[in-house]
Structures are given as C-alpha cells and as structure tokens.
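A.B. asks: Quick one: this structure, given as structure tokens, is what I'll be asking you about.
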Protein chains: 2
Amino acid sequence: MDKDIIKLAHGSGGKEMNELIKKLGFSYRGRWQNFDDDSATFEIGKKHEQLVFTTDTFTVTPIFFPGGNIGHIAFSGTVNDLLMMGAKPLGLSLGIVIEEGFPKEELQEIIGTIKAISEKTKIPIVTGDTKVMEKGKLDKIIINTSGIGIAKRLLAEKPIPGDKIIISGGIGEHAIALLSKRFNYETTLITDSKPLVEEINSVKCMIKVAKDPTRGGIAAILNDISEKHNVGILIEEEKIPMKEEVKNVSEMLGIDPYELACEGRFVCIASKENAGIVEKKLKQFNKDAGIVGEITDDNKVILQTILGKRILSMPSGRIVPRIC
Amino acid sequence: MDKDIIKLAHGSGGKEMNELIKKLGFSYRGRWQNFDDDSATFEIGKKHEQLVFTTDTFTVTPIFFPGGNIGHIAFSGTVNDLLMMGAKPLGLSLGIVIEEGFPKEELQEIIGTIKAISEKTKIPIVTGDTKVMEKGKLDKIIINTSGIGIAKRLLAEKPIPGDKIIISGGIGEHAIALLSKRFNYETTLITDSKPLVEEINSVKCMIKVAKDPTRGGIAAILNDISEKHNVGILIEEEKIPMKEEVKNVSEMLGIDPYELACEGRFVCIASKENAGIVEKKLKQFNKDAGIVGEITDDNKVILQTILGKRILSMPSGRIVPRIC
C-alpha cells in the first residue's frame, strides 16, 4: 500500500525521485538534448549556439530565513541552473501560487527581493502568472521560475582521470541557516543563496563541467557526475570547506552535511593544468574555494577521510524536505 | 485590514490581479518585449525571428473532470499561449508539486495524459522538476508549465475599425464541465481543453490578433484587446456560440457566461476581406465557429443584445476560482 502513494522522499531530489521520473519518463524529445542535466538544450542558428531551458519550483519553509527569502532562491536557483550549463541567462518566468489571506506586505517583500536581484544581475523577469488558492489549501506561497539562456559552448565535456574537482565555497550554509528557523536553534549562519554569474564567468572557459549542489547536496551531484560520465571521483574530506557551525549542527541533528543543499555554491571540474588558476579565480569571490579531489578511473564516488575511504552514496530516503 | 491580504479574487485573472501585478511590476526588461500579452518575445537571429516565452501554473480543482484532467489543461494552456502569439511551440517545461500521500496511480494518469498530447502534437516536454509537500500543506497537486516557441510573424498587428472578430467555438464548456463536479449537478458537457495547433495554423497568415479566453473568459480578453490596441469592440450576443446547457447552468449558478474560462477556444481578429475565409477554415474544426462582432472606433467593449446595448466590463471581484 505504502508503495502506491507519493512520499516526502520523492521530493528530496535523491534516488527515489530519479527512479520515479525515469519510470514516468517522456520519450518524445524532438530536437532537444541533455535531459539528464537540470537544463535541456536546443541548437539554434548556424553557429552551434544552444538555447538552454530549465525550470524549478520552490516550496521552501520557512519562506523567510536568515539572509534571504523564497524569492531570493527562486531567482538564484534557476539562474544558476542556466549558468551551470555554460549559458548566459536571457530571461526568467515567474509563476507564483499564493494562499488566500497571505499578507500583501510579505508578497511585496518577496517580489522586491526578486526585482532587486534581477536589476543587479541584469537578468529580467519577462513573463509571469499568479494564482490564489483557498485558505488551507496551500502552505503560504510557492514559486516556479523557468529560465532561458544561450550558450556558445555547453559545459558538458567528459572529464578524464586526473582532472581536478573544485568547489566554490563552504557547503551546507543555506540548509543550516534555514533549519535554524525550523528547529529553533541560534545560529550566526546565513543562507549562501546567490546568483553565480560572476563566479562562473570568471572560470567558464577553463572548466569542463559545473553543477550546483542544491537538493541532495554535493553527495547527489558528485554521484550524478560519476554516473553521467562513467567516471570515478575521489574527494578528500579534510579539504571540503565547511564552517564549524555547519559541522556541529549537522552532528546535532544527525544529518549528513554532504547531503545538505547549498543555493550559491558550485562544483566544477578542470584539467590538471587549469585547476590551479580556476581555484585562484574562485578564491577571489570566496576564500574557502578550493580543489577538493579528482576524477579517478573506477566509477565510484569515494570520500577519503582521516580514518580511511568510504563510499559517498546518492542520498536516499527522507533527506531534509522543503529546503529549496 | 482586508486590503492587506491576498484575496481569492487576486487569482481569478480579472481586474484585481492586473492591478496588483502592475503595482509589483518589474521594470528591468532587457531586450524583451510584449509583456502585456501572455507571452514575452525576444528577437533572435537575423531574420527578425522572435523567441516567445510563457508560463502558467494550474491549480484546478477537481483535478479530474469530465473530458480531462489537470495534465491536459497544463499542457494545452501553455501551448495555446504560444500559439496565440503566432509562435510554433518548441518545447515545454513541467514543474509538478505534489502533496505527500497523493496516489501514484493518479500521478501516472496525469503524466500519461501529458505524454499522449505531447506525442500527438510533437511538442516535447524537455525539462522538469518535482517537489513534494507534507500532507495537508497542498491540495493534491499543482502543475506549472512554461513554454518556448519561435515566431516568424507575431500576431500583434493593430486592428482597425471594421475588422471582424471570430470565435473558434462555443464558450464556457470547460468551466461548466468542471463546475459540474464541484457543485454536483449532472451534465453531458465535457471540457473543451485542447491544444489549438491545427486551428491556429489554418488561419495564422490571415489574422492580426489571437487570444484564448481562459481566466475571465471572453469578457477579459475582449477588454484586454480593447485596452491594448485602444479600439472599441461590438459583439452581437445572439452570434456568440454557447450550448444550451452552458446557458442554463450559468443562470442556475448566477455566473456570467462571458466570464467563464475556456481551455480550447480562441478569439481572433481579421480584416473584413479575410474574415469570411477565416470563419470557413475554423468551421472545419468546429461547426460553431463564426464571426461574432467587429472592431469599432470608440474604446468600449459593447454587447449588442436583443434588448439593447450594454457594456461588457473587465471581470472583477470573485470570478470562479481555480478553474484553470
């Protein structure tokens, strides 16, 4: 019986949802490609330019959290998905569903946040839709953003053994900041949510692949990369940037920090030759950025700890729900 | 106090939401145009081709209704928004939010419906996202679809007095079929929901403007056209195709049938010279299609009834909520 209903785990971005999506999979794809990534691509024009298209719905709770609100991650999340493909974002759509009785002031604050980042990044919101559901039929507000971008070169090059893995900053801060409101603990952490336009642009020509660790954290994206490109990954635990507070709260809550969502970080892969300069460039934006591991020739994602090696699996079961 | 919260009327697609959207309006638009329509446009390439982008979230209740389900209107609604701009739909995104405990069988049926229309129309679903909310935090399921299309010529030509207004079929069937489940009355009506690919393609080169009467019905779109192009509209009530049952149930429920949503009809404007052939073409798909009125030189939307003339206003207040 339990098998026949949707469980919270289906929304966590881990193994269960991947399986459900594959089972329900759409077979007709026309001329589109790259469905395994967060964005699909479509070749336009004569110069092999690619139209990149992505969508994400944000159901985060609470909707206001240290350092941001649902509007901030709804804008940044979709922009980042386009950037991770190597695309320049052209424009976003905004689909808002609101619960009857929701305070207009809060809506204005959320919309104001989106407007401010849109103006700052020069990525416009170009089309939108708003629906209202009766009181009690929706928990406050959810936001869908879809985005279009154009890529001259897709970040979809197959990594080879010896390539380095670089992370753009400390992990887990978004999730821990958000959970502080849910579990009512004190924290100085704020969400890491941000559009990664400048960071990606500074290294775009030197990297092969980029992925932002949202649902399922770096555990999910490293497994995605390993599976998609049929390569192994070795990560050195002590090199993974993580604030003391993220570590402590994760332990306290019994959560694996590698499964925690970030909303303003990315992991990228560069050749041995380029890795040093990529690391240096990314350190200009965040001093915690750094090389954390490399591509290997098996097909496992391995975490090298001070006690030895362990497999870093694709998150499964109930991760932390509604974190993004 | 009442003014400071979101009311159901804000989700009905009428006057209130238009005002709220304008107040919250996004000023930065980059190179995008046509925000007053359901889709925004962006010129690409050298041949003045336009990229067309639109989004819609579907919160319909009940999710299964005579002749269709939420998946059917989620696909058709966004495809139709692209078609109304004169675009050939390239691909859709699919963002699903599901309540924990939702039956997998129903999800499979909804997804199956979307797959079937996608394959039939050759318009692929290319990117997607799924979230799950805790039981009680969402009423079953909502679906966002965003769509991209390419238009060689936008249907955005200014109508002039004397141009004819043609409707592609009977109005209000979707709303009345849906409400039969909500209010528990018997009906033989089924939703009119359908992607209007063939209908639009058959007349595209002969029309100036096209609009599909969803939220707010033909009352809303005729007022939209009048306002946008600064023209008047005269509609002859007796020419508006409407099934007897739509008329009767509207009277019974005290609803204005001109404000009822359709999900598979459109209104278009053609010159006096072209109107006859447009009508003839559209009658091949639906015998009820026909010329219902014309563009005038004032700026009012007037309904000519057997008793005299009355203004057909932009719907305001609580229309029927969650109809699409």
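Just remember, in the structure tokens the first chain shown is A, the second B, etc., residues are 1-based per chain, and ligands are 1-based in the order shown.
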If chain B is fitted onto chain A by least squares over all C-alpha atoms, taken pair by pair in sequence order, what do its new coordinates look like as a compact mmCIF listing (two decimals) with C-alpha atoms, in the first residue's frame?
C.D. replies:
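Once everything was written out, this is part_28.txt:
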# COMPACT_ATOMS: atom_id res chain seq x y z
CA MET B 1 -0.02 0.03 0.08
CA ASP B 2 2.75 2.37 1.09
CA LYS B 3 4.32 1.91 -2.31
CA ASP B 4 1.36 3.37 -4.13
CA ILE B 5 1.46 6.86 -2.72
CA ILE B 6 3.86 9.72 -3.10
CA LYS B 7 6.20 10.02 -0.14
CA LEU B 8 8.10 13.06 1.06
CA ALA B 9 11.30 11.34 -0.07
CA HIS B 10 10.10 11.71 -3.66
CA GLY B 11 10.60 15.45 -3.31
CA SER B 12 14.08 15.38 -1.87
CA GLY B 13 16.00 15.15 -5.10
CA GLY B 14 17.55 11.81 -4.26
CA LYS B 15 17.33 8.29 -5.58
CA GLU B 16 13.56 7.80 -5.20
CA MET B 17 12.63 10.75 -7.36
CA ASN B 18 15.18 9.87 -10.02
CA GLU B 19 13.58 6.46 -10.27
CA LEU B 20 10.05 7.82 -10.36
CA ILE B 21 10.98 10.32 -13.08
CA LYS B 22 12.63 7.63 -15.17
CA LYS B 23 9.56 5.44 -14.83
CA LEU B 24 7.23 8.24 -15.90
CA GLY B 25 9.80 9.44 -18.44
CA PHE B 26 8.85 11.34 -21.56
CA SER B 27 10.11 9.64 -24.65
CA TYR B 28 9.35 12.25 -27.28
CA ARG B 29 12.09 14.88 -27.19
CA GLY B 30 12.12 16.46 -30.64
CA ARG B 31 15.48 18.13 -31.32
CA TRP B 32 16.22 18.75 -27.65
CA GLN B 33 19.22 17.26 -25.83
CA ASN B 34 20.84 16.96 -22.40
CA PHE B 35 17.83 15.89 -20.35
CA ASP B 36 19.99 14.35 -17.66
CA ASP B 37 21.10 17.80 -16.62
CA ASP B 38 18.95 20.37 -14.91
CA SER B 39 18.53 22.16 -18.22
CA ALA B 40 17.67 20.93 -21.70
CA THR B 41 19.38 22.30 -24.80
CA PHE B 42 18.35 23.04 -28.38
CA GLU B 43 20.71 24.08 -31.16
CA ILE B 44 19.72 27.32 -32.86
CA GLY B 45 21.25 29.36 -35.62
CA LYS B 46 24.31 28.52 -37.61
CA LYS B 47 27.03 29.03 -35.03
CA HIS B 48 26.06 25.96 -32.98
CA GLU B 49 24.66 28.22 -30.30
CA GLN B 50 22.47 26.40 -27.84
CA LEU B 51 19.21 27.54 -26.36
CA VAL B 52 19.12 26.33 -22.74
CA PHE B 53 15.81 25.89 -20.87
CA THR B 54 15.24 24.96 -17.24
CA THR B 55 12.53 25.01 -14.57
CA ASP B 56 12.34 24.75 -10.79
CA THR B 57 9.56 25.10 -8.24
CA PHE B 58 10.44 26.40 -4.78
CA THR B 59 8.43 25.13 -1.82
CA VAL B 60 10.85 26.19 0.89
CA THR B 61 9.73 26.51 4.49
CA PRO B 62 10.08 28.88 6.25
CA ILE B 63 9.71 31.40 3.43
CA PHE B 64 11.81 33.98 5.28
CA PHE B 65 15.10 32.70 6.71
CA PRO B 66 18.46 34.15 7.80
CA GLY B 67 19.91 36.09 4.89
CA GLY B 68 17.09 35.61 2.40
CA ASN B 69 13.62 34.55 1.42
CA ILE B 70 11.88 32.26 -1.09
CA GLY B 71 12.16 34.94 -3.78
CA HIS B 72 15.93 35.03 -3.46
CA ILE B 73 16.38 31.30 -4.00
CA ALA B 74 13.68 31.16 -6.70
CA PHE B 75 15.62 33.68 -8.77
CA SER B 76 19.12 32.43 -7.99
CA GLY B 77 18.31 28.73 -8.31
CA THR B 78 17.09 28.95 -11.89
CA VAL B 79 19.78 31.41 -12.94
CA ASN B 80 22.39 29.04 -11.50
CA ASP B 81 20.93 26.06 -13.40
CA LEU B 82 21.41 28.00 -16.65
CA LEU B 83 24.92 29.09 -15.66
CA MET B 84 25.94 25.51 -14.83
CA MET B 85 25.26 24.58 -18.47
CA GLY B 86 27.55 27.39 -19.65
CA ALA B 87 24.64 29.61 -20.71
CA LYS B 88 24.19 33.34 -20.43
CA PRO B 89 20.73 33.76 -18.85
CA LEU B 90 18.36 35.71 -21.15
CA GLY B 91 15.24 35.89 -19.02
CA LEU B 92 13.12 34.18 -16.38
CA SER B 93 9.44 33.44 -15.96
CA LEU B 94 7.80 33.77 -12.56
CA GLY B 95 4.82 31.63 -11.56
CA ILE B 96 3.50 32.41 -8.09
CA VAL B 97 0.81 30.49 -6.22
CA ILE B 98 -0.42 32.18 -3.06
CA GLU B 99 -2.67 31.09 -0.24
CA GLU B 100 -5.74 33.25 0.29
CA GLY B 101 -5.11 35.52 3.29
CA PHE B 102 -1.35 35.77 2.65
CA PRO B 103 -0.12 39.21 3.78
CA LYS B 104 0.41 41.61 0.88
CA GLU B 105 3.37 43.10 2.73
CA GLU B 106 5.20 39.76 2.66
CA LEU B 107 4.39 39.30 -1.03
CA GLN B 108 5.77 42.76 -1.71
CA GLU B 109 8.96 41.92 0.18
CA ILE B 110 9.44 38.68 -1.78
CA ILE B 111 8.75 40.39 -5.11
CA GLY B 112 11.00 43.27 -4.07
CA THR B 113 13.85 40.83 -3.45
CA ILE B 114 13.39 39.29 -6.89
CA LYS B 115 13.26 42.73 -8.55
CA ALA B 116 16.44 43.81 -6.80
CA ILE B 117 18.49 40.76 -7.89
CA SER B 118 17.00 40.96 -11.38
CA GLU B 119 18.14 44.56 -11.73
CA LYS B 120 21.55 43.85 -10.20
CA THR B 121 22.28 40.87 -12.45
CA LYS B 122 20.53 42.40 -15.49
CA ILE B 123 18.55 39.21 -15.94
CA PRO B 124 14.92 40.22 -16.50
CA ILE B 125 11.72 38.59 -15.33
CA VAL B 126 9.79 38.62 -18.60
CA THR B 127 6.57 36.69 -18.14
CA GLY B 128 4.54 35.65 -15.14
CA ASP B 129 1.43 34.10 -13.72
CA THR B 130 -0.26 34.32 -10.34
CA LYS B 131 -2.83 32.01 -8.83
CA VAL B 132 -4.56 32.10 -5.47
CA MET B 133 -5.73 28.98 -3.61
CA GLU B 134 -8.30 28.95 -0.82
CA LYS B 135 -7.06 29.33 2.75
CA GLY B 136 -5.81 25.97 4.01
CA LYS B 137 -5.21 24.56 0.51
CA LEU B 138 -1.58 25.72 0.26
CA ASP B 139 1.12 26.44 2.81
CA LYS B 140 1.59 30.20 2.22
CA ILE B 141 3.34 30.56 -1.14
CA ILE B 142 5.26 28.58 -3.72
CA ILE B 143 7.18 29.97 -6.67
CA ASN B 144 8.12 28.45 -10.00
CA THR B 145 10.83 30.05 -12.09
CA SER B 146 11.75 28.84 -15.53
CA GLY B 147 14.68 30.25 -17.41
CA ILE B 148 16.09 30.60 -20.91
CA GLY B 149 19.72 31.12 -21.75
CA ILE B 150 22.07 30.99 -24.73
CA ALA B 151 25.32 29.00 -24.61
CA LYS B 152 28.15 29.30 -27.08
CA ARG B 153 29.84 26.29 -25.50
CA LEU B 154 28.01 23.89 -23.23
CA LEU B 155 29.74 22.82 -20.04
CA ALA B 156 29.29 19.19 -20.99
CA GLU B 157 32.78 17.93 -21.69
CA LYS B 158 33.63 14.45 -20.45
CA PRO B 159 36.12 14.59 -17.54
CA ILE B 160 39.12 12.25 -17.55
CA PRO B 161 41.08 10.66 -14.71
CA GLY B 162 43.43 13.19 -13.18
CA ASP B 163 41.07 16.15 -13.71
CA LYS B 164 40.56 18.15 -10.52
CA ILE B 165 37.36 18.90 -8.67
CA ILE B 166 37.00 22.42 -7.33
CA ILE B 167 34.30 23.77 -5.04
CA SER B 168 33.43 27.46 -4.96
CA GLY B 169 32.88 27.81 -1.19
CA GLY B 170 31.77 26.22 2.08
CA ILE B 171 28.94 23.71 1.93
CA GLY B 172 25.65 23.42 3.79
CA GLU B 173 25.17 27.03 4.91
CA HIS B 174 21.81 27.49 3.21
CA ALA B 175 20.35 24.35 4.74
CA ILE B 176 21.67 25.03 8.24
CA ALA B 177 20.54 28.67 8.21
CA LEU B 178 17.08 27.56 7.08
CA LEU B 179 16.82 24.73 9.58
CA SER B 180 17.73 27.13 12.41
CA LYS B 181 14.29 28.67 11.93
CA ARG B 182 12.58 25.31 11.72
CA PHE B 183 14.27 23.73 14.71
CA ASN B 184 14.60 26.96 16.62
CA TYR B 185 18.32 26.96 17.38
CA GLU B 186 20.57 30.03 17.37
CA THR B 187 22.98 30.47 14.52
CA THR B 188 25.14 33.17 13.02
CA LEU B 189 24.97 31.43 9.62
CA ILE B 190 23.02 32.95 6.77
CA THR B 191 21.94 31.35 3.50
CA ASP B 192 24.61 31.14 0.81
CA SER B 193 21.92 31.83 -1.83
CA LYS B 194 23.24 33.93 -4.71
CA PRO B 195 23.27 34.04 -8.49
CA LEU B 196 26.70 32.74 -9.50
CA VAL B 197 27.04 34.90 -12.63
CA GLU B 198 30.43 36.43 -11.88
CA GLU B 199 31.95 33.30 -10.40
CA ILE B 200 31.04 31.14 -13.40
CA ASN B 201 32.02 33.79 -15.92
CA SER B 202 35.48 34.05 -14.38
CA VAL B 203 36.26 30.36 -14.96
CA LYS B 204 33.84 29.29 -17.72
CA CYS B 205 36.45 28.91 -20.44
CA MET B 206 38.66 26.74 -18.22
CA ILE B 207 36.21 24.16 -16.89
CA LYS B 208 34.59 21.04 -18.35
CA VAL B 209 31.57 20.56 -16.12
CA ALA B 210 29.81 22.60 -13.43
CA LYS B 211 27.00 21.61 -11.07
CA ASP B 212 25.35 23.40 -8.18
CA PRO B 213 24.70 21.22 -5.11
CA THR B 214 21.08 21.99 -4.25
CA ARG B 215 18.73 19.09 -3.34
CA GLY B 216 20.85 16.21 -2.14
CA GLY B 217 23.94 18.38 -1.67
CA ILE B 218 27.38 17.51 -3.02
CA ALA B 219 26.64 13.80 -2.44
CA ALA B 220 23.92 13.96 -5.13
CA ILE B 221 25.82 15.99 -7.72
CA LEU B 222 29.07 14.02 -7.40
CA ASN B 223 27.08 10.83 -7.97
CA ASP B 224 25.28 12.49 -10.90
CA ILE B 225 28.61 13.41 -12.51
CA SER B 226 30.07 9.96 -11.86
CA GLU B 227 27.06 8.23 -13.39
CA LYS B 228 26.60 10.52 -16.36
CA HIS B 229 30.23 10.50 -17.45
CA ASN B 230 31.01 7.00 -16.20
CA VAL B 231 34.01 8.12 -14.14
CA GLY B 232 35.10 7.74 -10.52
CA ILE B 233 35.56 10.58 -8.07
CA LEU B 234 37.86 10.79 -5.06
CA ILE B 235 37.15 13.58 -2.58
CA GLU B 236 39.37 14.44 0.37
CA GLU B 237 37.17 15.11 3.35
CA GLU B 238 39.59 17.46 5.08
CA LYS B 239 39.69 19.70 2.01
CA ILE B 240 35.93 20.20 1.80
CA PRO B 241 35.25 23.71 3.06
CA MET B 242 32.68 23.58 5.86
CA LYS B 243 32.08 26.09 8.65
CA GLU B 244 32.43 24.75 12.18
CA GLU B 245 28.78 25.60 12.81
CA VAL B 246 27.60 23.57 9.81
CA LYS B 247 29.55 20.60 11.12
CA ASN B 248 28.25 20.97 14.68
CA VAL B 249 24.59 21.47 13.78
CA SER B 250 24.70 18.57 11.29
CA GLU B 251 26.00 16.32 14.04
CA MET B 252 23.40 17.60 16.48
CA LEU B 253 20.56 16.98 13.99
CA GLY B 254 22.02 13.70 12.74
CA ILE B 255 22.19 14.90 9.13
CA ASP B 256 24.98 14.11 6.67
CA PRO B 257 26.43 17.52 5.74
CA TYR B 258 27.32 16.23 2.27
CA GLU B 259 23.60 15.89 1.60
CA LEU B 260 22.79 19.47 2.64
CA ALA B 261 21.55 21.88 -0.01
CA CYS B 262 23.54 24.96 -0.96
CA GLU B 263 21.94 27.72 -3.06
CA GLY B 264 25.03 29.69 -4.02
CA ARG B 265 27.86 27.23 -4.49
CA PHE B 266 29.06 25.12 -7.37
CA VAL B 267 31.40 22.25 -8.01
CA CYS B 268 33.39 22.27 -11.24
CA ILE B 269 35.89 20.05 -13.00
CA ALA B 270 39.04 21.31 -14.69
CA SER B 271 42.09 19.68 -16.20
CA LYS B 272 45.17 19.29 -13.99
CA GLU B 273 46.71 22.19 -15.93
CA ASN B 274 43.79 24.58 -15.42
CA ALA B 275 42.79 23.60 -11.88
CA GLY B 276 45.26 25.91 -10.12
CA ILE B 277 44.11 29.02 -11.95
CA VAL B 278 40.42 28.08 -11.53
CA GLU B 279 41.00 27.74 -7.79
CA LYS B 280 42.76 31.10 -7.68
CA LYS B 281 39.98 32.85 -9.62
CA LEU B 282 37.27 31.38 -7.40
CA LYS B 283 39.16 32.35 -4.24
CA GLN B 284 38.71 35.99 -5.29
CA PHE B 285 34.98 35.55 -4.66
CA ASN B 286 35.22 33.23 -1.67
CA LYS B 287 38.41 32.47 0.22
CA ASP B 288 37.12 28.98 1.08
CA ALA B 289 37.03 27.93 -2.59
CA GLY B 290 39.50 25.19 -3.39
CA ILE B 291 40.45 21.90 -5.02
CA VAL B 292 38.79 19.07 -3.10
CA GLY B 293 39.50 15.98 -5.15
CA GLU B 294 39.95 14.44 -8.55
CA ILE B 295 38.50 12.20 -11.23
CA THR B 296 39.57 8.55 -11.01
CA ASP B 297 39.30 5.62 -13.36
CA ASP B 298 36.79 3.48 -11.47
CA ASN B 299 33.13 4.50 -11.27
CA LYS B 300 32.67 5.08 -7.55
CA VAL B 301 32.37 8.27 -5.55
CA ILE B 302 34.83 7.84 -2.70
CA LEU B 303 35.37 10.04 0.32
CA GLN B 304 38.91 9.88 1.74
CA THR B 305 38.61 10.53 5.48
CA ILE B 306 41.35 10.51 8.09
CA LEU B 307 40.10 7.05 9.07
CA GLY B 308 40.11 5.61 5.57
CA LYS B 309 37.94 5.52 2.48
CA ARG B 310 34.17 5.32 2.32
CA ILE B 311 31.65 5.39 -0.49
CA LEU B 312 29.67 8.62 -0.74
CA SER B 313 26.31 7.30 -1.97
CA MET B 314 23.45 8.99 -3.77
CA PRO B 315 21.19 10.28 -0.98
CA SER B 316 18.12 8.14 -0.50
CA GLY B 317 15.17 8.06 1.85
CA ARG B 318 13.93 11.18 3.52
CA ILE B 319 16.61 13.82 3.12
CA VAL B 320 15.64 17.18 4.59
CA PRO B 321 12.41 18.15 2.79
CA ARG B 322 11.39 21.60 1.53
CA ILE B 323 14.84 23.08 1.83
CA CYS B 324 14.57 24.73 -1.59
A.B. asks: So which residues of stretch 200-248 of chain B fall under strand (DSSP E or B) by DSSP, listed as a short mmCIF file (atom, residue, chain, number, x, y, z; two decimals) with C-alpha atoms, in the first residue's frame?
C.D. replies:
data_model
loop_
_atom_site.label_atom_id
_atom_site.label_comp_id
_atom_site.auth_asym_id
_atom_site.auth_seq_id
_atom_site.Cartn_x
_atom_site.Cartn_y
_atom_site.Cartn_z
CA VAL B 209 -4.51 39.13 -33.23
CA ALA B 210 -5.49 35.94 -31.40
CA LYS B 211 -6.32 35.39 -27.73
CA GLY B 232 -13.71 49.56 -29.42
CA ILE B 233 -15.41 46.20 -29.84
CA LEU B 234 -19.03 45.44 -30.66
CA ILE B 235 -20.18 41.87 -30.07
CA GLU B 236 -23.58 40.53 -31.08
#
